[in-house]
Amino acid sequence: MSLPERAWPATADATLVARMARGDRTALVELMARYRTTAYALAYALLVNPEDTESVVTEAFDDLWQRAQRPDPDGNSVHGRLTSVIQLLAQRRIEARATR
């Protein structure tokens with residue numbers, strides 16, 4: 001049985017983010033393996049659409065990669081950062097649907 005994603009030590013996440021900042025894509029793959037299920041569940045709960053969910057989760061991990069060199073201004077953990085980005089991206093999708 002594997003550990004729940006939230007049980008991973010924050011220091012390990014910080015180490016992976018530091019590796020990403022140096023261009024190590026395998027660190028991103030490790031974080032994706034760690035958080036993908038939780039990220040997908042959150043996005044799906046907000047969007048209730050598999051295609052939009054997949055797109056938002058992909059964008060959230062892309063954002064994590066792009067911002068790896070900059071510390072989170074709010075001091076969020078990787079989980080917190082992904083949660084914030086997914087909520088923002090999902091809200092944008094929901095608003096875009098409403099204007100169609």
# chains A, B, ... in the order shown; residues from 1 in each chain; ligands from 1

$ residues_around --residues "region 87-95 of chain A" --least-positions-apart "6" --cutoff "9 Å" --atoms "only C-alpha atoms" --output "PyMOL selection string"
chain A and resi 42-43+46-47+52-53+56-57+59-60

$ closest_residue --among "A:Arg97, A:Ala21, A:His79, A:Ala39" --to "Thr58 (chain A)" --atoms "only C-alpha atoms"
A:Ala39

$ residues_around --residues "Gln69 (chain A)" --least-positions-apart "2" --cutoff "10 Å" --atoms "only C-alpha atoms" --output "CSV table (one decimal) with C-alpha atoms, in the first residue's frame"
chain,number,residue,atom,x,y,z
A,17,VAL,CA,11.5,21.8,-6.7
A,18,ALA,CA,15.1,22.8,-6.3
A,19,ARG,CA,16.1,20.1,-8.8
A,20,MET,CA,13.4,21.4,-11.2
A,21,ALA,CA,14.9,24.9,-10.8
A,22,ARG,CA,18.1,23.4,-12.1
A,23,GLY,CA,16.3,22.0,-15.2
A,64,LEU,CA,4.8,24.4,-11.4
A,65,TRP,CA,7.7,23.8,-13.8
A,66,GLN,CA,7.8,27.3,-15.1
A,67,ARG,CA,7.8,28.8,-11.6
A,71,PRO,CA,9.8,30.8,-4.5
A,72,ASP,CA,6.0,30.9,-3.9

$ closest_residue --among "A:Leu16, A:Val48, A:Ala41, A:Ile86" --to "Leu28 (chain A)" --atoms "only C-alpha atoms"
A:Leu16

$ closest_residue --among "A:Asp13, A:Asp74, A:Asp62, A:Glu54" --to "Leu31 (chain A)" --atoms "only C-alpha atoms"
A:Asp13

$ atom_distance --atom1 "CA of Val78 (chain A)" --atom2 "CA of Pro50 (chain A)"
23.1 Å

$ atom_distance --atom1 "CA of Phe61 (chain A)" --atom2 "CA of Met32 (chain A)"
7.3 Å

$ atom_distance --atom1 "CA of Leu82 (chain A)" --atom2 "CA of Tyr35 (chain A)"
8.6 Å
